[in-house]
$ cat model-v7.txt   # compact mmCIF, C-alpha atoms and all ligand atoms
# COMPACT_ATOMS: atom_id res chain seq x y z
CA MET A 1 290.62 6.72 -186.28
CA SER A 2 287.75 4.56 -187.41
CA LYS A 3 287.74 3.08 -190.87
CA THR A 4 285.71 4.62 -193.69
CA TYR A 5 284.34 2.66 -196.64
CA LYS A 6 283.33 4.53 -199.77
CA ILE A 7 280.22 2.92 -201.21
CA ALA A 8 278.60 3.79 -204.54
CA VAL A 9 274.85 3.25 -204.23
CA VAL A 10 272.89 2.41 -207.39
CA ASN A 11 269.19 1.86 -206.69
CA GLY A 12 268.46 1.07 -210.33
CA ASP A 13 264.82 0.58 -211.28
CA GLY A 14 261.55 -0.82 -209.95
CA ILE A 15 261.77 -2.12 -206.39
CA GLY A 16 265.42 -0.96 -206.24
CA ALA A 17 264.08 2.39 -205.07
CA GLU A 18 262.58 0.64 -202.01
CA ILE A 19 264.91 -2.23 -201.15
CA VAL A 20 268.20 -0.39 -201.63
CA PRO A 21 267.29 2.37 -199.12
CA ALA A 22 266.13 -0.43 -196.77
CA GLY A 23 269.56 -2.05 -197.15
CA VAL A 24 271.34 1.27 -196.67
CA SER A 25 269.46 1.84 -193.39
CA VAL A 26 270.76 -1.53 -192.17
CA LEU A 27 274.28 -0.62 -193.31
CA ASP A 28 274.14 2.65 -191.37
CA ALA A 29 272.98 0.83 -188.24
CA ILE A 30 275.66 -1.85 -188.47
CA ALA A 31 278.40 0.73 -189.11
CA LYS A 32 277.36 2.64 -186.03
CA LYS A 33 277.39 -0.49 -183.92
CA HIS A 34 280.78 -1.74 -185.16
CA GLY A 35 282.49 1.64 -185.21
CA PHE A 36 283.24 2.17 -188.88
CA ASN A 37 281.95 4.75 -191.35
CA ILE A 38 280.08 4.25 -194.59
CA GLU A 39 280.49 7.17 -196.97
CA LYS A 40 277.77 6.86 -199.59
CA GLN A 41 277.28 8.43 -202.96
CA SER A 42 274.19 7.68 -205.06
CA PHE A 43 274.14 7.27 -208.82
CA PRO A 44 270.84 7.30 -210.75
CA PHE A 45 271.91 4.72 -213.37
CA GLY A 46 269.51 2.25 -214.96
CA ALA A 47 266.59 2.07 -217.37
CA GLY A 48 265.06 5.25 -215.91
CA TYR A 49 268.33 7.04 -216.63
CA TYR A 50 268.24 5.64 -220.17
CA ARG A 51 264.73 7.03 -220.69
CA ASP A 52 265.99 10.48 -219.74
CA HIS A 53 269.54 10.44 -221.17
CA GLY A 54 269.60 7.75 -223.88
CA LYS A 55 272.18 5.66 -222.01
CA PHE A 56 272.19 3.46 -218.90
CA MET A 57 274.98 5.33 -217.18
CA SER A 58 277.08 8.41 -217.66
CA ASP A 59 280.13 8.15 -219.95
CA ASP A 60 282.54 8.47 -217.03
CA ALA A 61 280.61 5.99 -214.84
CA ILE A 62 283.10 3.11 -214.90
CA GLU A 63 286.04 5.39 -214.10
CA THR A 64 284.02 7.04 -211.34
CA LEU A 65 282.93 3.70 -209.83
CA LYS A 66 286.57 2.56 -209.73
CA LYS A 67 287.20 5.11 -206.98
CA PHE A 68 284.85 3.35 -204.56
CA ASP A 69 285.48 0.42 -202.23
CA ALA A 70 282.30 -1.30 -203.37
CA ILE A 71 279.06 -0.80 -205.29
CA TYR A 72 275.73 -1.49 -203.62
CA PHE A 73 273.20 -2.16 -206.35
CA GLY A 74 269.48 -3.03 -206.68
CA ALA A 75 268.49 -4.13 -210.19
CA VAL A 76 267.87 -2.59 -213.60
CA GLY A 77 265.08 -2.94 -216.14
CA LEU A 78 261.67 -1.40 -216.83
CA PRO A 79 258.78 -2.86 -218.86
CA GLU A 80 258.70 0.09 -221.28
CA ILE A 81 262.44 -0.12 -222.08
CA ASP A 82 263.98 -2.64 -224.53
CA ASP A 83 264.95 -5.51 -222.21
CA THR A 84 268.03 -6.47 -224.22
CA LEU A 85 269.72 -3.31 -222.91
CA PRO A 86 269.89 -3.47 -219.07
CA ALA A 87 272.32 -6.39 -218.88
CA ARG A 88 274.44 -5.25 -221.84
CA ASP A 89 274.64 -1.60 -220.90
CA TYR A 90 274.75 -1.78 -217.12
CA THR A 91 275.07 -5.10 -215.29
CA PHE A 92 277.42 -7.01 -217.61
CA LYS A 93 279.37 -3.84 -218.35
CA VAL A 94 280.16 -3.25 -214.68
CA ARG A 95 280.82 -6.95 -214.05
CA THR A 96 283.30 -7.25 -216.92
CA GLU A 97 285.00 -3.87 -216.85
CA LEU A 98 285.61 -4.17 -213.12
CA LYS A 99 286.71 -7.81 -213.56
CA GLN A 100 284.10 -9.13 -211.16
CA TYR A 101 284.60 -12.63 -212.45
CA VAL A 102 283.02 -14.39 -209.48
CA ASN A 103 279.29 -14.31 -208.93
CA TYR A 104 278.91 -15.59 -205.37
CA ARG A 105 275.34 -16.66 -204.66
CA PRO A 106 274.69 -18.40 -201.35
CA VAL A 107 271.57 -20.48 -200.80
CA LYS A 108 270.42 -21.23 -197.28
CA LEU A 109 267.18 -21.79 -195.46
CA PHE A 110 266.69 -19.08 -192.83
CA SER A 111 265.31 -19.92 -189.37
CA GLY A 112 261.55 -20.03 -189.19
CA LEU A 113 261.04 -20.33 -192.94
CA LYS A 114 259.56 -23.40 -194.54
CA SER A 115 261.13 -24.40 -197.80
CA PRO A 116 258.68 -25.27 -200.57
CA LEU A 117 260.59 -28.57 -200.44
CA ARG A 118 258.28 -30.30 -197.97
CA THR A 119 260.82 -32.61 -196.36
CA LYS A 120 263.88 -30.33 -196.26
CA THR A 121 265.16 -28.36 -193.27
CA GLU A 122 267.91 -25.84 -192.51
CA LYS A 123 270.57 -28.54 -192.41
CA ASP A 124 269.70 -29.68 -195.94
CA ILE A 125 269.77 -26.30 -197.69
CA ASP A 126 273.12 -24.58 -197.23
CA PHE A 127 275.33 -24.21 -200.28
CA VAL A 128 276.83 -21.63 -202.63
CA VAL A 129 276.43 -21.24 -206.37
CA VAL A 130 279.67 -19.87 -207.82
CA ARG A 131 278.74 -18.56 -211.23
CA GLU A 132 281.46 -17.63 -213.72
CA ASN A 133 280.65 -13.99 -214.31
CA ASN A 134 282.79 -12.60 -217.15
CA GLU A 135 282.62 -15.04 -220.06
CA GLY A 136 280.82 -18.19 -221.17
CA GLU A 137 277.41 -17.92 -222.79
CA PHE A 138 276.87 -14.24 -221.93
CA VAL A 139 279.71 -12.56 -223.85
CA GLN A 140 277.11 -11.39 -226.37
CA SER A 141 279.26 -12.21 -229.35
CA GLY A 142 276.88 -12.84 -232.20
CA LYS A 143 274.66 -11.33 -234.80
CA THR A 144 271.14 -11.42 -236.15
CA PHE A 145 270.93 -11.82 -239.90
CA TYR A 146 267.98 -11.10 -242.23
CA ALA A 147 265.62 -11.02 -239.25
CA ASP A 148 262.53 -10.26 -241.34
CA ASP A 149 263.23 -12.85 -244.01
CA ALA A 150 262.23 -16.50 -244.25
CA HIS A 151 265.92 -17.41 -244.01
CA GLY A 152 266.59 -15.18 -241.00
CA PHE A 153 268.94 -16.55 -238.36
CA ALA A 154 270.82 -15.51 -235.25
CA THR A 155 273.94 -16.58 -233.37
CA ASP A 156 275.43 -16.16 -229.90
CA THR A 157 278.86 -17.69 -229.44
CA SER A 158 280.06 -18.80 -226.01
CA VAL A 159 283.62 -18.05 -225.00
CA PHE A 160 285.51 -20.19 -222.49
CA THR A 161 289.17 -19.36 -221.90
CA ARG A 162 291.70 -21.36 -219.91
CA PHE A 163 292.48 -18.22 -217.91
CA GLY A 164 288.81 -17.62 -217.14
CA ILE A 165 288.11 -21.23 -216.18
CA GLU A 166 291.20 -21.59 -214.02
CA ARG A 167 290.53 -18.49 -211.94
CA ILE A 168 286.90 -19.36 -211.19
CA ALA A 169 287.92 -22.94 -210.39
CA HIS A 170 290.64 -21.79 -207.96
CA TYR A 171 288.17 -19.46 -206.27
CA SER A 172 285.66 -22.30 -205.87
CA PHE A 173 288.14 -24.78 -204.39
CA GLN A 174 289.48 -22.17 -202.00
CA LEU A 175 285.94 -21.32 -200.94
CA ALA A 176 285.19 -25.00 -200.39
CA ARG A 177 288.19 -25.22 -198.03
CA LYS A 178 286.42 -22.69 -195.80
CA ARG A 179 283.17 -24.67 -195.98
CA ARG A 180 282.45 -28.41 -196.18
CA LYS A 181 285.25 -29.11 -198.69
CA LYS A 182 283.13 -30.21 -201.58
CA VAL A 183 282.99 -28.83 -205.14
CA THR A 184 280.46 -29.92 -207.76
CA ASN A 185 281.17 -28.82 -211.32
CA VAL A 186 277.77 -28.31 -212.95
CA THR A 187 278.25 -28.74 -216.67
CA LYS A 188 276.75 -30.11 -219.88
CA SER A 189 279.82 -31.49 -221.59
CA ASN A 190 277.96 -34.50 -222.90
CA THR A 191 276.32 -32.26 -225.49
CA LEU A 192 278.42 -29.08 -225.55
CA ILE A 193 281.32 -31.29 -226.51
CA ASN A 194 283.76 -28.48 -227.29
CA SER A 195 283.25 -25.59 -224.90
CA LEU A 196 282.09 -27.45 -221.83
CA ALA A 197 284.31 -30.45 -222.39
CA TYR A 198 287.19 -27.97 -222.27
CA TRP A 199 285.63 -26.34 -219.17
CA ASP A 200 285.56 -29.80 -217.51
CA ARG A 201 289.12 -30.60 -218.50
CA VAL A 202 290.59 -27.38 -217.10
CA ILE A 203 288.57 -27.69 -213.89
CA ALA A 204 289.73 -31.29 -213.43
CA GLU A 205 293.33 -30.08 -213.75
CA VAL A 206 292.76 -27.44 -211.09
CA ALA A 207 290.99 -30.00 -208.87
CA GLU A 208 294.20 -32.04 -208.71
CA GLN A 209 295.80 -29.16 -206.82
CA TYR A 210 293.18 -29.51 -204.08
CA PRO A 211 293.34 -33.18 -203.05
CA ASP A 212 291.70 -32.31 -199.71
CA VAL A 213 288.53 -31.14 -201.47
CA GLU A 214 286.00 -33.69 -202.70
CA PHE A 215 285.33 -33.04 -206.37
CA SER A 216 282.60 -34.28 -208.66
CA LYS A 217 280.82 -33.40 -211.87
CA MET A 218 277.09 -33.23 -212.49
CA TYR A 219 275.13 -32.33 -215.58
CA ILE A 220 272.90 -29.27 -215.37
CA ASP A 221 269.71 -31.27 -215.99
CA ASN A 222 270.45 -33.61 -213.09
CA ALA A 223 271.62 -30.66 -210.96
CA SER A 224 268.27 -28.91 -211.48
CA ALA A 225 266.40 -31.98 -210.29
CA SER A 226 268.85 -32.41 -207.40
CA PHE A 227 268.22 -28.83 -206.19
CA VAL A 228 264.66 -29.98 -205.55
CA LEU A 229 265.10 -33.59 -204.52
CA ARG A 230 268.41 -33.63 -202.61
CA PRO A 231 269.90 -30.16 -202.06
CA GLU A 232 271.94 -31.59 -199.18
CA VAL A 233 274.46 -33.08 -201.63
CA PHE A 234 275.77 -29.60 -202.50
CA ASP A 235 278.39 -27.40 -200.84
CA VAL A 236 280.10 -25.31 -203.55
CA ILE A 237 278.60 -25.45 -207.03
CA LEU A 238 280.99 -24.29 -209.72
CA THR A 239 279.16 -23.43 -212.90
CA THR A 240 278.94 -21.28 -215.99
CA ASN A 241 277.41 -17.86 -216.44
CA LEU A 242 274.11 -19.08 -217.93
CA PHE A 243 273.69 -22.17 -215.76
CA GLY A 244 274.55 -20.18 -212.63
CA ASP A 245 272.01 -17.52 -213.51
CA ILE A 246 269.23 -20.09 -213.78
CA LEU A 247 270.29 -22.26 -210.86
CA SER A 248 270.52 -19.31 -208.48
CA ASP A 249 266.88 -18.36 -209.12
CA LEU A 250 266.02 -21.99 -208.37
CA GLY A 251 268.13 -21.62 -205.24
CA GLY A 252 266.08 -18.56 -204.28
CA ALA A 253 262.90 -20.54 -204.84
CA ILE A 254 263.90 -23.41 -202.55
CA MET A 255 264.81 -20.86 -199.84
CA GLY A 256 261.16 -19.79 -200.06
CA SER A 257 261.29 -16.71 -202.31
CA LEU A 258 263.36 -15.08 -205.01
CA GLY A 259 263.38 -12.03 -202.74
CA LEU A 260 265.66 -13.78 -200.24
CA GLY A 261 268.72 -14.31 -202.44
CA GLY A 262 271.75 -12.08 -201.94
CA SER A 263 274.91 -12.04 -204.04
CA GLY A 264 278.28 -10.55 -204.74
CA ASN A 265 279.91 -9.82 -208.10
CA ILE A 266 283.41 -10.18 -206.82
CA ASN A 267 286.88 -9.25 -207.97
CA PRO A 268 288.75 -11.43 -205.44
CA GLU A 269 292.09 -9.66 -205.97
CA LYS A 270 290.44 -6.34 -205.00
CA ASP A 271 292.05 -4.61 -207.99
CA PHE A 272 288.59 -3.15 -208.65
CA PRO A 273 285.51 -2.58 -206.54
CA SER A 274 283.04 -5.46 -206.31
CA MET A 275 279.29 -5.04 -206.72
CA PHE A 276 276.63 -6.46 -204.40
CA GLU A 277 273.03 -7.01 -205.46
CA PRO A 278 270.10 -9.35 -204.86
CA ILE A 279 269.78 -12.25 -207.31
CA HIS A 280 266.40 -11.10 -208.61
CA GLY A 281 265.45 -8.33 -211.01
CA SER A 282 263.60 -5.03 -210.64
CA ALA A 283 260.20 -6.72 -210.09
CA PRO A 284 258.16 -3.96 -211.77
CA ASP A 285 254.97 -5.93 -211.01
CA ILE A 286 255.25 -5.10 -207.30
CA ALA A 287 257.23 -1.82 -207.40
CA GLY A 288 256.11 1.28 -205.54
CA LYS A 289 253.99 -0.56 -202.96
CA ASN A 290 256.50 -1.04 -200.12
CA ILE A 291 255.82 -4.79 -200.22
CA ALA A 292 259.02 -6.13 -201.82
CA ASN A 293 261.10 -8.45 -199.69
CA PRO A 294 264.33 -6.57 -198.83
CA ILE A 295 266.17 -9.58 -197.38
CA GLY A 296 268.13 -10.45 -200.54
CA GLN A 297 269.27 -6.83 -200.72
CA ILE A 298 270.16 -6.75 -197.03
CA TRP A 299 271.99 -10.08 -197.23
CA SER A 300 273.98 -8.58 -200.14
CA ALA A 301 275.10 -5.82 -197.73
CA ALA A 302 276.41 -8.54 -195.41
CA ILE A 303 278.28 -10.20 -198.28
CA MET A 304 279.74 -6.78 -199.13
CA LEU A 305 280.96 -6.18 -195.57
CA ASP A 306 282.47 -9.66 -195.44
CA HIS A 307 284.36 -8.88 -198.66
CA LEU A 308 285.58 -5.60 -197.15
CA GLY A 309 286.91 -7.48 -194.11
CA GLU A 310 284.11 -6.58 -191.66
CA THR A 311 283.20 -10.20 -191.02
CA GLU A 312 281.70 -9.68 -187.57
CA ALA A 313 279.42 -6.96 -188.89
CA ALA A 314 278.45 -9.23 -191.77
CA ASN A 315 277.59 -12.05 -189.37
CA ASP A 316 275.54 -9.66 -187.26
CA ILE A 317 273.42 -8.73 -190.28
CA VAL A 318 272.76 -12.38 -191.10
CA ALA A 319 271.86 -13.03 -187.44
CA GLY A 320 269.47 -10.04 -187.60
CA ILE A 321 267.82 -11.47 -190.72
CA GLU A 322 267.43 -14.88 -189.06
CA ALA A 323 266.01 -13.38 -185.87
CA THR A 324 263.46 -11.52 -187.98
CA THR A 325 262.36 -14.53 -190.04
CA ALA A 326 262.37 -16.75 -186.92
CA GLU A 327 259.80 -14.54 -185.20
CA GLY A 328 257.54 -14.78 -188.25
CA ASN A 329 258.02 -11.24 -189.52
CA LEU A 330 257.52 -11.85 -193.22
CA THR A 331 256.68 -9.99 -196.41
CA VAL A 332 253.82 -10.97 -198.73
CA ASP A 333 255.95 -13.27 -200.91
CA LEU A 334 256.50 -15.44 -197.81
CA GLY A 335 252.87 -15.38 -196.76
CA GLY A 336 253.17 -12.52 -194.25
CA ASN A 337 251.98 -8.92 -194.28
CA ALA A 338 255.06 -6.97 -193.18
CA SER A 339 256.21 -4.14 -195.45
CA THR A 340 259.67 -3.63 -196.93
CA SER A 341 260.50 -0.99 -194.33
CA ASP A 342 259.00 -3.06 -191.46
CA ILE A 343 261.49 -5.84 -192.22
CA ALA A 344 264.47 -3.47 -192.41
CA ASN A 345 263.47 -1.81 -189.14
CA ARG A 346 263.01 -5.17 -187.43
CA ILE A 347 266.46 -6.32 -188.59
CA ILE A 348 267.96 -3.05 -187.28
CA LYS A 349 266.23 -3.61 -183.90
CA HIS A 350 267.79 -7.06 -183.65
CA ILE A 351 271.21 -5.72 -184.65
CA GLU A 352 271.02 -2.99 -182.00
CA ALA A 353 269.77 -5.40 -179.32
CA LYS A 354 272.47 -8.03 -179.93
CA LYS A 355 275.35 -7.90 -177.45
P1 LIG B 401 262.29 -10.43 -211.29
O1 LIG B 401 263.32 -11.15 -210.52
O2 LIG B 401 262.33 -8.96 -211.26
O3 LIG B 401 260.84 -10.90 -210.80
C1 LIG B 401 260.39 -12.24 -210.88
C2 LIG B 401 259.23 -12.47 -209.91
O4 LIG B 401 259.75 -12.48 -208.57
C3 LIG B 401 258.20 -11.33 -209.95
O5 LIG B 401 256.92 -11.88 -209.77
C4 LIG B 401 258.57 -10.45 -208.79
O6 LIG B 401 257.51 -9.75 -208.23
C5 LIG B 401 259.16 -11.47 -207.78
N1 LIG B 401 260.21 -10.84 -206.95
C6 LIG B 401 261.45 -10.49 -207.34
N2 LIG B 401 262.10 -9.90 -206.34
C7 LIG B 401 261.26 -9.87 -205.29
C8 LIG B 401 261.35 -9.36 -203.96
N3 LIG B 401 262.47 -8.76 -203.51
N4 LIG B 401 260.28 -9.49 -203.14
C9 LIG B 401 259.17 -10.11 -203.57
N5 LIG B 401 259.02 -10.60 -204.81
C10 LIG B 401 260.05 -10.48 -205.67
O7 LIG B 401 262.42 -10.98 -212.79
P2 LIG B 401 261.66 -10.57 -214.15
O8 LIG B 401 260.24 -10.24 -213.85
O9 LIG B 401 262.00 -11.63 -215.08
O10 LIG B 401 262.41 -9.25 -214.64
C11 LIG B 401 262.00 -7.92 -214.33
C12 LIG B 401 263.05 -6.95 -214.85
O11 LIG B 401 264.26 -7.10 -214.10
C13 LIG B 401 263.42 -7.16 -216.32
O12 LIG B 401 263.58 -5.90 -216.93
C14 LIG B 401 264.75 -7.88 -216.25
O13 LIG B 401 265.56 -7.66 -217.38
C15 LIG B 401 265.36 -7.26 -215.01
N6 LIG B 401 266.39 -8.07 -214.35
C16 LIG B 401 267.48 -7.40 -213.87
C17 LIG B 401 268.48 -8.06 -213.20
C18 LIG B 401 269.65 -7.25 -212.70
O14 LIG B 401 269.61 -6.03 -212.71
N7 LIG B 401 270.69 -7.87 -212.21
C19 LIG B 401 268.40 -9.50 -212.97
C20 LIG B 401 267.18 -10.11 -213.45
C21 LIG B 401 266.22 -9.42 -214.13
MG MG B 402 269.16 -13.85 -213.02
$ encode --input "model-v7.txt" --output "structure tokens"
Amino acid sequence: MSKTYKIAVVNGDGIGAEIVPAGVSVLDAIAKKHGFNIEKQSFPFGAGYYRDHGKFMSDDAIETLKKFDAIYFGAVGLPEIDDTLPARDYTFKVRTELKQYVNYRPVKLFSGLKSPLRTKTEKDIDFVVVRENNEGEFVQSGKTFYADDAHGFATDTSVFTRFGIERIAHYSFQLARKRRKKVTNVTKSNTLINSLAYWDRVIAEVAEQYPDVEFSKMYIDNASASFVLRPEVFDVILTTNLFGDILSDLGGAIMGSLGLGGSGNINPEKDFPSMFEPIHGSAPDIAGKNIANPIGQIWSAAIMLDHLGETEAANDIVAGIEATTAEGNLTVDLGGNASTSDIANRIIKHIEAKK
């Protein structure tokens, strides 16, 4: 009997309603080709759901999502809804409650695309940002005091635990062993002399257990410049929740568009389902026009299948993306005029044609 994967589908808001269905159509095609089944169930969670129900997801959502093999997600957030809520009440909630402590964000230049970095080619841009996804700067532990007063002030405290640092470090070194065996810890311990100095110390201890992997440290300011000037120095970037969030958008930019970046929020032990989503947000400025680039969403489907053990299917999706970009089929953000659905259909054609 062929395998069946249970996938929870959460379009979310904005362009999610266009790019997630595009991704699902690719998933259906790849499943058919590789002889497995995808059993999908859609959930209407997000800012639109909040507008109608006063909350971002149903009260039983986390327990319900636990029953799936994976979650395939677009993005959440709408201009008319308080933008402090989407991360707190949906994205971070799922990431932490389902212990998706790895945010895996690959950066690579697809065939046929020109990077905005004039002198860089495919061989120069091929690395992964591993963003710590459960703690750090985004634990939202803080308070706003006397906001309307002259002496108003606000705090957000970062939390870095030995347990949290060790597990993300081990993941990064093990990932590097499958790649070019190089880990760069992107940090700022010269100024965050408590939290990030401790982060560095624990990572250096873990690094000693991987003598076959080249290990170095780079400050976030230098790393940002290096993304632009010499991206070829990177293989696996191990970094914090905030730094990884920012660097992965920069990674999207050097690939040619934010719309290209795919990602996985991963629980490596598979105790809980992982969640796969593009690196960008809900892009309300271009929603509803069928012009959003679906490649980041479709790449996220490949990352999902790889996580589920369908590596050949995952590779086929990436090959389909590359064949599509190589022939110059591009959405507006990349200077083309193909629609969201054109790109998905083209990728499906390539998947079906490939032997
Ligand atoms: P954004 O990533 O949605 O958009 C930034 C810019 O990139 C926009 O000009 C947009 O049109 C463009 N863009 C993004 N994805 C694209 C695609 N697939 N194809 C072509 N162009 C694309 O970030 P922004 O504008 O800061 O945030 C919009 C909303 O998304 C906010 O409510 C924000 O909170 C939310 N957001 C949600 C995330 C999530 O659910 N994980 C992550 C980031 C932002
Ligand atoms: Mg982000």
$ residues_near_ligand --input "model-v7.txt" --ligand "ligand LIG 401 (chain B)" --cutoff "9 Å" --atoms "only C-alpha atoms and all ligand atoms" --output "number ranges by chain"
A: 12-16, 19, 46-47, 73-87, 90-92, 245, 249, 257-261, 277-287, 291-297, 331-334, 340
$ closest_residue --input "model-v7.txt" --among "A:Leu247, A:Leu175, A:Ala323, A:Leu330" --to "ligand MG 402 (chain B)" --atoms "only C-alpha atoms and all ligand atoms"
A:Leu247
$ atom_distance --input "model-v7.txt" --atom1 "CA of Lys99 (chain A)" --atom2 "CA of Phe138 (chain A)"
14.4 Å
$ residues_around --input "model-v7.txt" --residues "Glu135 (chain A)" --least-positions-apart "4" --cutoff "8 Å" --atoms "only C-alpha atoms" --output "ChimeraX atom specification"
/A:139,158-160,164,241
$ residues_around --input "model-v7.txt" --residues "Phe272 (chain A)" --least-positions-apart "2" --cutoff "12 Å" --atoms "only C-alpha atoms" --output "ChimeraX atom specification"
/A:62-71,94-101,265-270,274-275
$ write_last_selection --input "model-v7.txt" --atoms "C-alpha atoms" --output "PDB file, in the frame of the given file"
ATOM      1  CA  ILE A  62     283.100   3.110-214.900  1.00  0.00           C
ATOM      2  CA  GLU A  63     286.040   5.390-214.100  1.00  0.00           C
ATOM      3  CA  THR A  64     284.020   7.040-211.340  1.00  0.00           C
ATOM      4  CA  LEU A  65     282.930   3.700-209.830  1.00  0.00           C
ATOM      5  CA  LYS A  66     286.570   2.560-209.730  1.00  0.00           C
ATOM      6  CA  LYS A  67     287.200   5.110-206.980  1.00  0.00           C
ATOM      7  CA  PHE A  68     284.850   3.350-204.560  1.00  0.00           C
ATOM      8  CA  ASP A  69     285.480   0.420-202.230  1.00  0.00           C
ATOM      9  CA  ALA A  70     282.300  -1.300-203.370  1.00  0.00           C
ATOM     10  CA  ILE A  71     279.060  -0.800-205.290  1.00  0.00           C
ATOM     11  CA  VAL A  94     280.160  -3.250-214.680  1.00  0.00           C
ATOM     12  CA  ARG A  95     280.820  -6.950-214.050  1.00  0.00           C
ATOM     13  CA  THR A  96     283.300  -7.250-216.920  1.00  0.00           C
ATOM     14  CA  GLU A  97     285.000  -3.870-216.850  1.00  0.00           C
ATOM     15  CA  LEU A  98     285.610  -4.170-213.120  1.00  0.00           C
ATOM     16  CA  LYS A  99     286.710  -7.810-213.560  1.00  0.00           C
ATOM     17  CA  GLN A 100     284.100  -9.130-211.160  1.00  0.00           C
ATOM     18  CA  TYR A 101     284.600 -12.630-212.450  1.00  0.00           C
ATOM     19  CA  ASN A 265     279.910  -9.820-208.100  1.00  0.00           C
ATOM     20  CA  ILE A 266     283.410 -10.180-206.820  1.00  0.00           C
ATOM     21  CA  ASN A 267     286.880  -9.250-207.970  1.00  0.00           C
ATOM     22  CA  PRO A 268     288.750 -11.430-205.440  1.00  0.00           C
ATOM     23  CA  GLU A 269     292.090  -9.660-205.970  1.00  0.00           C
ATOM     24  CA  LYS A 270     290.440  -6.340-205.000  1.00  0.00           C
ATOM     25  CA  SER A 274     283.040  -5.460-206.310  1.00  0.00           C
ATOM     26  CA  MET A 275     279.290  -5.040-206.720  1.00  0.00           C
TER      27      MET A 275
END
$ atom_distance --input "model-v7.txt" --atom1 "CA of Leu117 (chain A)" --atom2 "CA of Val213 (chain A)"
28.1 Å
$ atom_distance --input "model-v7.txt" --atom1 "CA of Asp156 (chain A)" --atom2 "CA of Val186 (chain A)"
21.0 Å
